[in-house]
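A.B. asks: File name protein_20.cif; file contents mmCIF, N, CA and C atoms; full text below.
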data_target
loop_
_atom_site.label_atom_id
_atom_site.label_comp_id
_atom_site.auth_asym_id
_atom_site.auth_seq_id
_atom_site.Cartn_x
_atom_site.Cartn_y
_atom_site.Cartn_z
N MET A 121 26.23 -246.27 -19.75
CA MET A 121 25.59 -245.02 -20.16
C MET A 121 24.28 -244.84 -19.41
N ILE A 122 24.07 -243.64 -18.88
CA ILE A 122 22.83 -243.34 -18.18
C ILE A 122 21.75 -243.03 -19.21
N GLU A 123 20.65 -243.76 -19.13
CA GLU A 123 19.59 -243.57 -20.11
C GLU A 123 18.52 -242.59 -19.65
N THR A 124 18.20 -242.60 -18.36
CA THR A 124 17.13 -241.75 -17.84
C THR A 124 17.72 -240.66 -16.96
N LEU A 125 17.36 -239.41 -17.25
CA LEU A 125 17.81 -238.26 -16.47
C LEU A 125 16.61 -237.52 -15.93
N LEU A 126 16.71 -237.09 -14.69
CA LEU A 126 15.67 -236.26 -14.08
C LEU A 126 16.29 -234.90 -13.80
N GLN A 127 15.87 -233.93 -14.58
CA GLN A 127 16.40 -232.57 -14.50
C GLN A 127 15.42 -231.69 -13.73
N VAL A 128 15.91 -230.98 -12.72
CA VAL A 128 15.07 -230.07 -11.93
C VAL A 128 15.71 -228.69 -11.93
N THR A 129 14.89 -227.70 -11.60
CA THR A 129 15.37 -226.32 -11.52
C THR A 129 15.16 -225.82 -10.11
N ASP A 130 16.21 -225.28 -9.48
CA ASP A 130 16.08 -224.79 -8.12
C ASP A 130 15.57 -223.35 -8.11
N LEU A 131 15.45 -222.76 -6.92
CA LEU A 131 14.90 -221.41 -6.78
C LEU A 131 15.72 -220.35 -7.49
N ASN A 132 17.00 -220.61 -7.72
CA ASN A 132 17.88 -219.65 -8.40
C ASN A 132 17.90 -219.87 -9.91
N GLY A 133 17.10 -220.79 -10.41
CA GLY A 133 17.06 -221.08 -11.84
C GLY A 133 18.18 -222.01 -12.29
N LYS A 134 18.90 -222.58 -11.35
CA LYS A 134 20.01 -223.49 -11.66
C LYS A 134 19.46 -224.88 -11.99
N THR A 135 19.98 -225.49 -13.05
CA THR A 135 19.59 -226.83 -13.44
C THR A 135 20.40 -227.85 -12.68
N ILE A 136 19.72 -228.84 -12.13
CA ILE A 136 20.36 -229.91 -11.37
C ILE A 136 19.83 -231.24 -11.91
N TYR A 137 20.73 -232.20 -12.09
CA TYR A 137 20.34 -233.55 -12.47
C TYR A 137 20.36 -234.39 -11.21
N LEU A 138 19.19 -234.83 -10.78
CA LEU A 138 19.10 -235.64 -9.58
C LEU A 138 19.64 -237.05 -9.84
N ASP A 139 20.21 -237.64 -8.81
CA ASP A 139 20.67 -239.02 -8.90
C ASP A 139 19.45 -239.94 -8.88
N LEU A 140 19.47 -240.94 -9.72
CA LEU A 140 18.39 -241.93 -9.79
C LEU A 140 18.97 -243.31 -9.55
N TYR A 141 18.11 -244.23 -9.18
CA TYR A 141 18.53 -245.63 -9.10
C TYR A 141 18.83 -246.11 -10.52
N SER A 142 19.81 -247.00 -10.65
CA SER A 142 20.21 -247.47 -11.99
C SER A 142 19.09 -248.24 -12.68
N ASP A 143 18.22 -248.86 -11.91
CA ASP A 143 17.13 -249.63 -12.49
C ASP A 143 15.80 -248.90 -12.41
N VAL A 144 15.85 -247.56 -12.38
CA VAL A 144 14.63 -246.78 -12.23
C VAL A 144 13.67 -247.06 -13.38
N SER A 145 12.43 -247.22 -13.02
CA SER A 145 11.37 -247.39 -14.00
C SER A 145 10.32 -246.33 -13.69
N ILE A 146 10.16 -245.41 -14.60
CA ILE A 146 9.20 -244.31 -14.40
C ILE A 146 8.03 -244.54 -15.34
N SER A 147 6.93 -245.01 -14.77
CA SER A 147 5.72 -245.23 -15.57
C SER A 147 4.99 -243.92 -15.74
N MET A 148 4.55 -243.65 -16.95
CA MET A 148 3.85 -242.40 -17.23
C MET A 148 2.52 -242.66 -17.89
N ASN A 149 1.57 -241.80 -17.56
CA ASN A 149 0.27 -241.81 -18.20
C ASN A 149 0.20 -240.56 -19.07
N MET A 150 0.14 -240.76 -20.36
CA MET A 150 0.09 -239.64 -21.28
C MET A 150 -1.32 -239.57 -21.85
N SER A 151 -1.89 -238.37 -21.83
CA SER A 151 -3.24 -238.18 -22.35
C SER A 151 -3.23 -237.04 -23.36
N PHE A 152 -4.13 -237.13 -24.27
CA PHE A 152 -4.30 -236.08 -25.24
C PHE A 152 -5.73 -235.57 -25.13
N ALA A 153 -5.97 -234.40 -25.66
CA ALA A 153 -7.30 -233.78 -25.53
C ALA A 153 -8.38 -234.73 -26.03
N GLU A 154 -9.43 -234.82 -25.28
CA GLU A 154 -10.57 -235.64 -25.65
C GLU A 154 -11.50 -234.76 -26.48
N ILE A 155 -11.47 -234.91 -27.79
CA ILE A 155 -12.23 -233.99 -28.65
C ILE A 155 -13.73 -234.26 -28.63
N GLN A 156 -14.13 -235.42 -28.17
CA GLN A 156 -15.55 -235.71 -28.11
C GLN A 156 -16.19 -235.17 -26.84
N ASP A 157 -15.41 -234.92 -25.81
CA ASP A 157 -15.94 -234.40 -24.56
C ASP A 157 -15.04 -233.25 -24.11
N ILE A 158 -15.45 -232.01 -24.44
CA ILE A 158 -14.60 -230.85 -24.15
C ILE A 158 -14.52 -230.56 -22.66
N THR A 159 -15.38 -231.20 -21.86
CA THR A 159 -15.31 -230.97 -20.42
C THR A 159 -14.28 -231.86 -19.74
N SER A 160 -13.76 -232.85 -20.46
CA SER A 160 -12.78 -233.73 -19.82
C SER A 160 -11.45 -233.00 -19.73
N LYS A 161 -10.73 -233.25 -18.65
CA LYS A 161 -9.47 -232.58 -18.38
C LYS A 161 -8.37 -233.63 -18.28
N ASN A 162 -7.76 -233.94 -19.38
CA ASN A 162 -6.72 -234.96 -19.39
C ASN A 162 -5.35 -234.31 -19.34
N SER A 163 -4.44 -234.96 -18.64
CA SER A 163 -3.07 -234.47 -18.61
C SER A 163 -2.14 -235.64 -18.36
N GLY A 164 -0.88 -235.43 -18.67
CA GLY A 164 0.11 -236.47 -18.45
C GLY A 164 0.70 -236.37 -17.06
N TYR A 165 1.07 -237.52 -16.52
CA TYR A 165 1.71 -237.54 -15.21
C TYR A 165 2.45 -238.86 -15.05
N SER A 166 3.36 -238.87 -14.10
CA SER A 166 4.09 -240.10 -13.81
C SER A 166 3.46 -240.78 -12.60
N GLN A 167 3.64 -242.08 -12.51
CA GLN A 167 3.32 -242.77 -11.28
C GLN A 167 4.38 -242.35 -10.27
N THR A 168 4.12 -242.55 -8.99
CA THR A 168 5.14 -242.21 -8.01
C THR A 168 6.33 -243.15 -8.19
N PHE A 169 7.52 -242.61 -7.98
CA PHE A 169 8.74 -243.41 -8.05
C PHE A 169 9.71 -242.88 -7.00
N ARG A 170 10.71 -243.67 -6.71
CA ARG A 170 11.65 -243.31 -5.64
C ARG A 170 12.97 -242.78 -6.20
N VAL A 171 13.47 -241.78 -5.48
CA VAL A 171 14.76 -241.17 -5.77
C VAL A 171 15.63 -241.42 -4.54
N PRO A 172 16.88 -241.88 -4.73
CA PRO A 172 17.73 -242.19 -3.57
C PRO A 172 18.18 -240.96 -2.81
N GLY A 173 18.45 -241.15 -1.53
CA GLY A 173 18.93 -240.07 -0.67
C GLY A 173 20.43 -239.91 -0.74
N THR A 174 20.94 -239.57 -1.91
CA THR A 174 22.38 -239.30 -2.06
C THR A 174 22.66 -237.91 -1.50
N PRO A 175 23.92 -237.57 -1.25
CA PRO A 175 24.22 -236.22 -0.74
C PRO A 175 23.65 -235.10 -1.62
N LYS A 176 23.76 -235.23 -2.94
CA LYS A 176 23.23 -234.20 -3.84
C LYS A 176 21.71 -234.11 -3.73
N ASN A 177 21.03 -235.26 -3.74
CA ASN A 177 19.57 -235.28 -3.63
C ASN A 177 19.11 -234.77 -2.27
N ASN A 178 19.80 -235.18 -1.20
CA ASN A 178 19.44 -234.71 0.14
C ASN A 178 19.52 -233.19 0.22
N GLN A 179 20.59 -232.63 -0.32
CA GLN A 179 20.75 -231.17 -0.30
C GLN A 179 19.62 -230.49 -1.06
N PHE A 180 19.29 -231.03 -2.23
CA PHE A 180 18.22 -230.45 -3.05
C PHE A 180 16.87 -230.52 -2.33
N PHE A 181 16.49 -231.70 -1.84
CA PHE A 181 15.18 -231.85 -1.21
C PHE A 181 15.09 -231.08 0.10
N ASN A 182 16.17 -231.06 0.87
CA ASN A 182 16.16 -230.27 2.11
C ASN A 182 15.97 -228.79 1.81
N TYR A 183 16.63 -228.30 0.78
CA TYR A 183 16.56 -226.88 0.42
C TYR A 183 15.22 -226.52 -0.19
N MET A 184 14.75 -227.32 -1.14
CA MET A 184 13.54 -226.98 -1.89
C MET A 184 12.25 -227.29 -1.14
N PHE A 185 12.23 -228.35 -0.34
CA PHE A 185 11.00 -228.79 0.30
C PHE A 185 11.02 -228.68 1.82
N ASN A 186 12.08 -228.11 2.37
CA ASN A 186 12.21 -227.95 3.82
C ASN A 186 12.02 -229.26 4.57
N VAL A 187 12.66 -230.32 4.07
CA VAL A 187 12.57 -231.62 4.73
C VAL A 187 13.36 -231.53 6.03
N ASN A 188 12.73 -231.95 7.13
CA ASN A 188 13.47 -231.91 8.40
C ASN A 188 14.40 -233.12 8.49
N GLY A 189 15.26 -233.12 9.48
CA GLY A 189 16.28 -234.16 9.62
C GLY A 189 15.73 -235.57 9.69
N ALA A 190 14.57 -235.75 10.31
CA ALA A 190 14.00 -237.08 10.45
C ALA A 190 13.15 -237.48 9.24
N GLY A 191 12.90 -236.51 8.34
CA GLY A 191 12.10 -236.80 7.16
C GLY A 191 10.62 -236.91 7.45
N THR A 192 10.20 -236.46 8.64
CA THR A 192 8.79 -236.61 9.01
C THR A 192 7.93 -235.43 8.60
N SER A 193 8.56 -234.31 8.25
CA SER A 193 7.76 -233.18 7.78
C SER A 193 8.48 -232.50 6.64
N PHE A 194 7.67 -231.97 5.72
CA PHE A 194 8.19 -231.22 4.58
C PHE A 194 7.03 -230.43 4.00
N ASN A 195 7.35 -229.51 3.11
CA ASN A 195 6.35 -228.66 2.49
C ASN A 195 5.73 -229.40 1.31
N ILE A 196 4.55 -229.99 1.53
CA ILE A 196 3.89 -230.80 0.50
C ILE A 196 3.29 -229.94 -0.62
N GLN A 197 3.09 -228.65 -0.35
CA GLN A 197 2.52 -227.75 -1.36
C GLN A 197 3.55 -227.30 -2.39
N LYS A 198 4.81 -227.48 -2.08
CA LYS A 198 5.90 -227.01 -2.93
C LYS A 198 6.05 -227.91 -4.15
N SER A 199 6.42 -227.32 -5.27
CA SER A 199 6.73 -228.09 -6.47
C SER A 199 7.87 -227.38 -7.20
N VAL A 200 8.57 -228.13 -8.04
CA VAL A 200 9.68 -227.57 -8.79
C VAL A 200 9.55 -227.96 -10.26
N ILE A 201 10.05 -227.11 -11.12
CA ILE A 201 10.03 -227.38 -12.55
C ILE A 201 11.01 -228.51 -12.85
N CYS A 202 10.59 -229.43 -13.70
CA CYS A 202 11.46 -230.57 -14.00
C CYS A 202 11.18 -231.11 -15.39
N SER A 203 12.03 -232.01 -15.83
CA SER A 203 11.78 -232.76 -17.05
C SER A 203 12.45 -234.12 -16.94
N ILE A 204 11.85 -235.08 -17.61
CA ILE A 204 12.40 -236.42 -17.69
C ILE A 204 12.96 -236.59 -19.10
N ASN A 205 14.22 -236.98 -19.17
CA ASN A 205 14.87 -237.23 -20.45
C ASN A 205 15.24 -238.70 -20.53
N TYR A 206 14.93 -239.31 -21.65
CA TYR A 206 15.28 -240.71 -21.86
C TYR A 206 16.09 -240.81 -23.16
N GLN A 207 17.31 -241.27 -23.04
CA GLN A 207 18.24 -241.40 -24.16
C GLN A 207 18.35 -240.09 -24.94
N GLY A 208 18.42 -238.98 -24.20
CA GLY A 208 18.62 -237.67 -24.83
C GLY A 208 17.36 -237.00 -25.34
N ILE A 209 16.21 -237.63 -25.16
CA ILE A 209 14.94 -237.06 -25.65
C ILE A 209 14.07 -236.69 -24.46
N THR A 210 13.55 -235.46 -24.45
CA THR A 210 12.65 -235.04 -23.37
C THR A 210 11.33 -235.75 -23.54
N VAL A 211 10.95 -236.50 -22.51
CA VAL A 211 9.73 -237.29 -22.54
C VAL A 211 8.58 -236.54 -21.86
N LEU A 212 8.89 -235.81 -20.79
CA LEU A 212 7.84 -235.12 -20.04
C LEU A 212 8.41 -233.88 -19.38
N ASP A 213 7.79 -232.72 -19.63
CA ASP A 213 8.10 -231.48 -18.93
C ASP A 213 6.97 -231.21 -17.97
N GLY A 214 7.28 -230.75 -16.78
CA GLY A 214 6.23 -230.45 -15.83
C GLY A 214 6.78 -230.02 -14.50
N ILE A 215 6.08 -230.44 -13.45
CA ILE A 215 6.52 -230.12 -12.10
C ILE A 215 6.69 -231.39 -11.29
N LEU A 216 7.68 -231.38 -10.42
CA LEU A 216 7.95 -232.49 -9.53
C LEU A 216 7.39 -232.16 -8.16
N ARG A 217 6.68 -233.11 -7.58
CA ARG A 217 6.16 -232.96 -6.22
C ARG A 217 6.72 -234.07 -5.34
N LEU A 218 7.12 -233.68 -4.16
CA LEU A 218 7.58 -234.65 -3.17
C LEU A 218 6.35 -235.18 -2.45
N MET A 219 6.15 -236.49 -2.50
CA MET A 219 4.97 -237.11 -1.91
C MET A 219 5.26 -237.69 -0.52
N LYS A 220 6.47 -238.25 -0.35
CA LYS A 220 6.78 -238.93 0.89
C LYS A 220 8.28 -239.05 1.05
N VAL A 221 8.74 -238.97 2.30
CA VAL A 221 10.14 -239.24 2.62
C VAL A 221 10.14 -240.56 3.38
N ILE A 222 10.91 -241.52 2.88
CA ILE A 222 10.95 -242.84 3.47
C ILE A 222 12.33 -243.04 4.09
N VAL A 223 12.36 -243.24 5.42
CA VAL A 223 13.62 -243.46 6.13
C VAL A 223 13.58 -244.88 6.70
N THR A 224 14.52 -245.73 6.24
CA THR A 224 14.61 -247.10 6.70
C THR A 224 16.06 -247.42 7.02
N ASP A 225 16.35 -247.75 8.27
CA ASP A 225 17.71 -248.10 8.68
C ASP A 225 18.73 -247.05 8.22
N ASN A 226 18.44 -245.78 8.50
CA ASN A 226 19.31 -244.66 8.14
C ASN A 226 19.48 -244.47 6.64
N LYS A 227 18.64 -245.10 5.84
CA LYS A 227 18.66 -244.94 4.39
C LYS A 227 17.43 -244.11 4.01
N VAL A 228 17.64 -243.08 3.21
CA VAL A 228 16.55 -242.18 2.83
C VAL A 228 16.19 -242.38 1.37
N ASP A 229 14.90 -242.43 1.10
CA ASP A 229 14.36 -242.41 -0.26
C ASP A 229 13.32 -241.30 -0.31
N TYR A 230 13.21 -240.66 -1.46
CA TYR A 230 12.19 -239.64 -1.68
C TYR A 230 11.22 -240.18 -2.72
N GLU A 231 9.95 -240.22 -2.33
CA GLU A 231 8.92 -240.67 -3.26
C GLU A 231 8.34 -239.44 -3.93
N VAL A 232 8.42 -239.39 -5.26
CA VAL A 232 8.01 -238.20 -6.01
C VAL A 232 7.07 -238.60 -7.15
N ASN A 233 6.39 -237.61 -7.69
CA ASN A 233 5.69 -237.80 -8.95
C ASN A 233 5.80 -236.52 -9.76
N ILE A 234 5.52 -236.64 -11.03
CA ILE A 234 5.64 -235.51 -11.95
C ILE A 234 4.32 -235.34 -12.68
N GLN A 235 3.90 -234.09 -12.79
CA GLN A 235 2.66 -233.76 -13.49
C GLN A 235 3.02 -232.81 -14.63
N ASP A 236 2.44 -233.03 -15.81
CA ASP A 236 2.81 -232.17 -16.94
C ASP A 236 2.20 -230.77 -16.80
N GLU A 237 2.60 -229.89 -17.71
CA GLU A 237 2.20 -228.49 -17.63
C GLU A 237 0.69 -228.29 -17.78
N VAL A 238 0.03 -229.16 -18.55
CA VAL A 238 -1.43 -229.06 -18.70
C VAL A 238 -2.09 -229.33 -17.36
N GLY A 239 -1.62 -230.35 -16.66
CA GLY A 239 -2.18 -230.67 -15.34
C GLY A 239 -1.96 -229.55 -14.35
N VAL A 240 -0.80 -228.90 -14.41
CA VAL A 240 -0.52 -227.77 -13.54
C VAL A 240 -1.50 -226.64 -13.82
N PHE A 241 -1.72 -226.34 -15.09
CA PHE A 241 -2.65 -225.28 -15.48
C PHE A 241 -4.08 -225.62 -15.01
N ILE A 242 -4.48 -226.86 -15.21
CA ILE A 242 -5.83 -227.28 -14.79
C ILE A 242 -5.98 -227.14 -13.28
N ASN A 243 -4.97 -227.54 -12.52
CA ASN A 243 -5.04 -227.40 -11.06
C ASN A 243 -5.12 -225.94 -10.65
N ASN A 244 -4.41 -225.07 -11.34
CA ASN A 244 -4.39 -223.66 -10.99
C ASN A 244 -5.74 -222.98 -11.23
N ILE A 245 -6.49 -223.42 -12.23
CA ILE A 245 -7.75 -222.75 -12.55
C ILE A 245 -8.98 -223.57 -12.20
N SER A 246 -8.81 -224.76 -11.63
CA SER A 246 -9.91 -225.70 -11.45
C SER A 246 -11.12 -225.15 -10.70
N ASN A 247 -10.93 -224.40 -9.66
CA ASN A 247 -12.07 -223.90 -8.88
C ASN A 247 -12.27 -222.40 -9.02
N LYS A 248 -11.80 -221.85 -10.08
CA LYS A 248 -11.88 -220.40 -10.28
C LYS A 248 -13.02 -220.05 -11.23
N LEU A 249 -13.55 -218.85 -11.06
CA LEU A 249 -14.59 -218.31 -11.93
C LEU A 249 -14.04 -217.07 -12.61
N LEU A 250 -14.72 -216.60 -13.65
CA LEU A 250 -14.27 -215.38 -14.32
C LEU A 250 -14.22 -214.19 -13.38
N VAL A 251 -15.12 -214.16 -12.39
CA VAL A 251 -15.11 -213.05 -11.44
C VAL A 251 -13.88 -213.06 -10.54
N ASP A 252 -13.17 -214.20 -10.51
CA ASP A 252 -11.95 -214.30 -9.70
C ASP A 252 -10.73 -213.71 -10.39
N LEU A 253 -10.85 -213.37 -11.67
CA LEU A 253 -9.72 -212.80 -12.39
C LEU A 253 -9.38 -211.42 -11.87
N ASP A 254 -8.10 -211.12 -11.85
CA ASP A 254 -7.62 -209.83 -11.37
C ASP A 254 -7.29 -208.94 -12.56
N PHE A 255 -8.07 -207.89 -12.71
CA PHE A 255 -7.86 -206.94 -13.80
C PHE A 255 -7.35 -205.60 -13.29
N ASN A 256 -6.76 -205.58 -12.09
CA ASN A 256 -6.29 -204.32 -11.51
C ASN A 256 -5.28 -203.59 -12.38
N ASP A 257 -4.49 -204.34 -13.13
CA ASP A 257 -3.51 -203.70 -13.99
C ASP A 257 -4.16 -202.94 -15.15
N LEU A 258 -5.46 -203.14 -15.34
CA LEU A 258 -6.18 -202.43 -16.41
C LEU A 258 -6.93 -201.21 -15.89
N ASN A 259 -6.83 -200.93 -14.59
CA ASN A 259 -7.49 -199.75 -14.02
C ASN A 259 -6.70 -198.50 -14.37
N HIS A 260 -7.24 -197.72 -15.27
CA HIS A 260 -6.62 -196.45 -15.65
C HIS A 260 -7.67 -195.59 -16.34
N VAL A 261 -7.34 -194.35 -16.52
CA VAL A 261 -8.25 -193.41 -17.17
C VAL A 261 -8.21 -193.69 -18.68
N TYR A 262 -9.41 -193.84 -19.25
CA TYR A 262 -9.48 -194.07 -20.69
C TYR A 262 -9.55 -192.72 -21.40
N ASN A 263 -8.44 -192.31 -21.99
CA ASN A 263 -8.41 -191.08 -22.78
C ASN A 263 -7.43 -191.29 -23.92
N ALA A 264 -7.39 -190.34 -24.83
CA ALA A 264 -6.57 -190.47 -26.03
C ALA A 264 -5.09 -190.59 -25.69
N THR A 265 -4.62 -189.88 -24.70
CA THR A 265 -3.21 -189.93 -24.32
C THR A 265 -2.81 -191.32 -23.85
N ASN A 266 -3.62 -191.92 -22.96
CA ASN A 266 -3.31 -193.25 -22.46
C ASN A 266 -3.41 -194.32 -23.55
N VAL A 267 -4.34 -194.13 -24.46
CA VAL A 267 -4.46 -195.07 -25.57
C VAL A 267 -3.19 -195.01 -26.42
N LYS A 268 -2.74 -193.82 -26.73
CA LYS A 268 -1.51 -193.67 -27.55
C LYS A 268 -0.30 -194.23 -26.81
N LEU A 269 -0.24 -194.04 -25.49
CA LEU A 269 0.89 -194.55 -24.70
C LEU A 269 0.90 -196.08 -24.67
N SER A 270 -0.26 -196.69 -24.81
CA SER A 270 -0.33 -198.15 -24.78
C SER A 270 0.18 -198.78 -26.06
N TRP A 271 0.30 -197.97 -27.12
CA TRP A 271 0.78 -198.51 -28.40
C TRP A 271 2.26 -198.73 -28.31
#
Represent the structure from my file as structure tokens, please.

C.D. replies:
Amino acid sequence: MIETLLQVTDLNGKTIYLDLYSDVSISMNMSFAEIQDITSKNSGYSQTFRVPGTPKNNQFFNYMFNVNGAGTSFNIQKSVICSINYQGITVLDGILRLMKVIVTDNKVDYEVNIQDEVGVFINNISNKLLVDLDFNDLNHVYNATNVKLSW
């Protein structure tokens, strides 16, 4: 019985279960809000781990990350929605990032890590200010008709 599943979503919204090594060990760091220091930004993430270069995995990584044939270049900025399930229970929802492609004697491994949704949100807003917010969708004439239409 397979105990650990790595579920990813491709660009078309299709769910794919990536092949994992049978002895995969995915170490995770789980953090909860630090109530004593509201400036701390804690989030859950996995340590990097390897995914084998099976035909299904190769197709997925080539398509999603634009991995070239030699594995020497890929889109490091790209991420995909994923979740880790252990014995039928979702342990971590977040995004999967490809960190490295390892090619040894014609054998391919993909080194990946997963960051939870809080970490993704923190990364997205980390260097932003309130003046960076886009309120263009709120540009309209303020009159009674538009107010009634907004209801």

A.B. asks: List every protein, DNA or RNA residue that has at least one atom no more than 9 Å from (4.1, -226.9, -5.4) in the file's coordinates, counting only C-alpha atoms, and write the result as a VMD selection string.

C.D. replies: chain A and resid 195 to 200 215 to 218

A.B. asks: Which is closer to A:Lys176 than all the others in A:Asn259, A:Leu140, A:Asp236, A:Ile222, using only C-alpha atoms?

C.D. replies: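 Answer, going by the shortest atom-to-atom distance: A:Leu140.
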
A.B. asks: Please report the interatomic distance between atom CA of A:Asn178 and atom CA of A:Lys227 in Å with one decimal.

C.D. replies: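 Atom CA of A:Lys227 lies 11.1 Å from atom CA of A:Asn178.
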
A.B. asks: Find the smallest box with edges along x, y and z containing every listed atom of stretch 170-173 of chain A, then add 5 Å on each side and report centre and edge lengths in Å to one decimal, as lines of an AutoDock Vina configuration file.

C.D. replies:
center_x = 15.6
center_y = -241.8
center_z = -3.7
size_x = 19.7
size_y = 13.8
size_z = 16.0

A.B. asks: Would you write out, as a PyMOL selection string, every residue that the PyMOL selection byres ((chain A and resi 203) around 5) captures in this file?

C.D. replies: chain A and resi 126-127+201-202+204-205+212-214

A.B. asks: Looking at only N, CA and C atoms, which of A:Gln167, A:Ser270, A:Thr129, A:Asn186 is the one that sits closest to A:Gln235?

C.D. replies: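 Looking only at the distances to A:Gln235, the closest residue turns out to be A:Gln167.
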
A.B. asks: Please write as JSON, numbers by chain the full residue list that the PyMOL selection byres ((chain A and resi 138) around 8) yields on this file.

C.D. replies: {"A": [125, 126, 127, 128, 135, 136, 137, 139, 140, 141, 171, 172, 176, 177]}

A.B. asks: Only N, CA and C atoms, please: the residues just picked out, written as a PDB file, in the coordinates of the input.

C.D. replies:
ATOM      1  N   LEU A 125      17.360-239.410 -17.250  1.00  0.00           N
ATOM      2  CA  LEU A 125      17.810-238.260 -16.470  1.00  0.00           C
ATOM      3  C   LEU A 125      16.610-237.520 -15.930  1.00  0.00           C
ATOM      4  N   LEU A 126      16.710-237.090 -14.690  1.00  0.00           N
ATOM      5  CA  LEU A 126      15.670-236.260 -14.080  1.00  0.00           C
ATOM      6  C   LEU A 126      16.290-234.900 -13.800  1.00  0.00           C
ATOM      7  N   GLN A 127      15.870-233.930 -14.580  1.00  0.00           N
ATOM      8  CA  GLN A 127      16.400-232.570 -14.500  1.00  0.00           C
ATOM      9  C   GLN A 127      15.420-231.690 -13.730  1.00  0.00           C
ATOM     10  N   VAL A 128      15.910-230.980 -12.720  1.00  0.00           N
ATOM     11  CA  VAL A 128      15.070-230.070 -11.930  1.00  0.00           C
ATOM     12  C   VAL A 128      15.710-228.690 -11.930  1.00  0.00           C
ATOM     13  N   THR A 135      19.980-225.490 -13.050  1.00  0.00           N
ATOM     14  CA  THR A 135      19.590-226.830 -13.440  1.00  0.00           C
ATOM     15  C   THR A 135      20.400-227.850 -12.680  1.00  0.00           C
ATOM     16  N   ILE A 136      19.720-228.840 -12.130  1.00  0.00           N
ATOM     17  CA  ILE A 136      20.360-229.910 -11.370  1.00  0.00           C
ATOM     18  C   ILE A 136      19.830-231.240 -11.910  1.00  0.00           C
ATOM     19  N   TYR A 137      20.730-232.200 -12.090  1.00  0.00           N
ATOM     20  CA  TYR A 137      20.340-233.550 -12.470  1.00  0.00           C
ATOM     21  C   TYR A 137      20.360-234.390 -11.210  1.00  0.00           C
ATOM     22  N   ASP A 139      20.210-237.640  -8.810  1.00  0.00           N
ATOM     23  CA  ASP A 139      20.670-239.020  -8.900  1.00  0.00           C
ATOM     24  C   ASP A 139      19.450-239.940  -8.880  1.00  0.00           C
ATOM     25  N   LEU A 140      19.470-240.940  -9.720  1.00  0.00           N
ATOM     26  CA  LEU A 140      18.390-241.930  -9.790  1.00  0.00           C
ATOM     27  C   LEU A 140      18.970-243.310  -9.550  1.00  0.00           C
ATOM     28  N   TYR A 141      18.110-244.230  -9.180  1.00  0.00           N
ATOM     29  CA  TYR A 141      18.530-245.630  -9.100  1.00  0.00           C
ATOM     30  C   TYR A 141      18.830-246.110 -10.520  1.00  0.00           C
ATOM     31  N   VAL A 171      13.470-241.780  -5.480  1.00  0.00           N
ATOM     32  CA  VAL A 171      14.760-241.170  -5.770  1.00  0.00           C
ATOM     33  C   VAL A 171      15.630-241.420  -4.540  1.00  0.00           C
ATOM     34  N   PRO A 172      16.880-241.880  -4.730  1.00  0.00           N
ATOM     35  CA  PRO A 172      17.730-242.190  -3.570  1.00  0.00           C
ATOM     36  C   PRO A 172      18.180-240.960  -2.810  1.00  0.00           C
ATOM     37  N   LYS A 176      23.760-235.230  -2.940  1.00  0.00           N
ATOM     38  CA  LYS A 176      23.230-234.200  -3.840  1.00  0.00           C
ATOM     39  C   LYS A 176      21.710-234.110  -3.730  1.00  0.00           C
ATOM     40  N   ASN A 177      21.030-235.260  -3.740  1.00  0.00           N
ATOM     41  CA  ASN A 177      19.570-235.280  -3.630  1.00  0.00           C
ATOM     42  C   ASN A 177      19.110-234.770  -2.270  1.00  0.00           C
TER      43      ASN A 177
END

A.B. asks: Tell me, as a ChimeraX atom specification, which residues lie within 5 Å of A:Val232, counting all atoms listed in the file; anything in the same chain fewer than 2 positions away does not count.

C.D. replies: /A:168-169,217-219,230,234
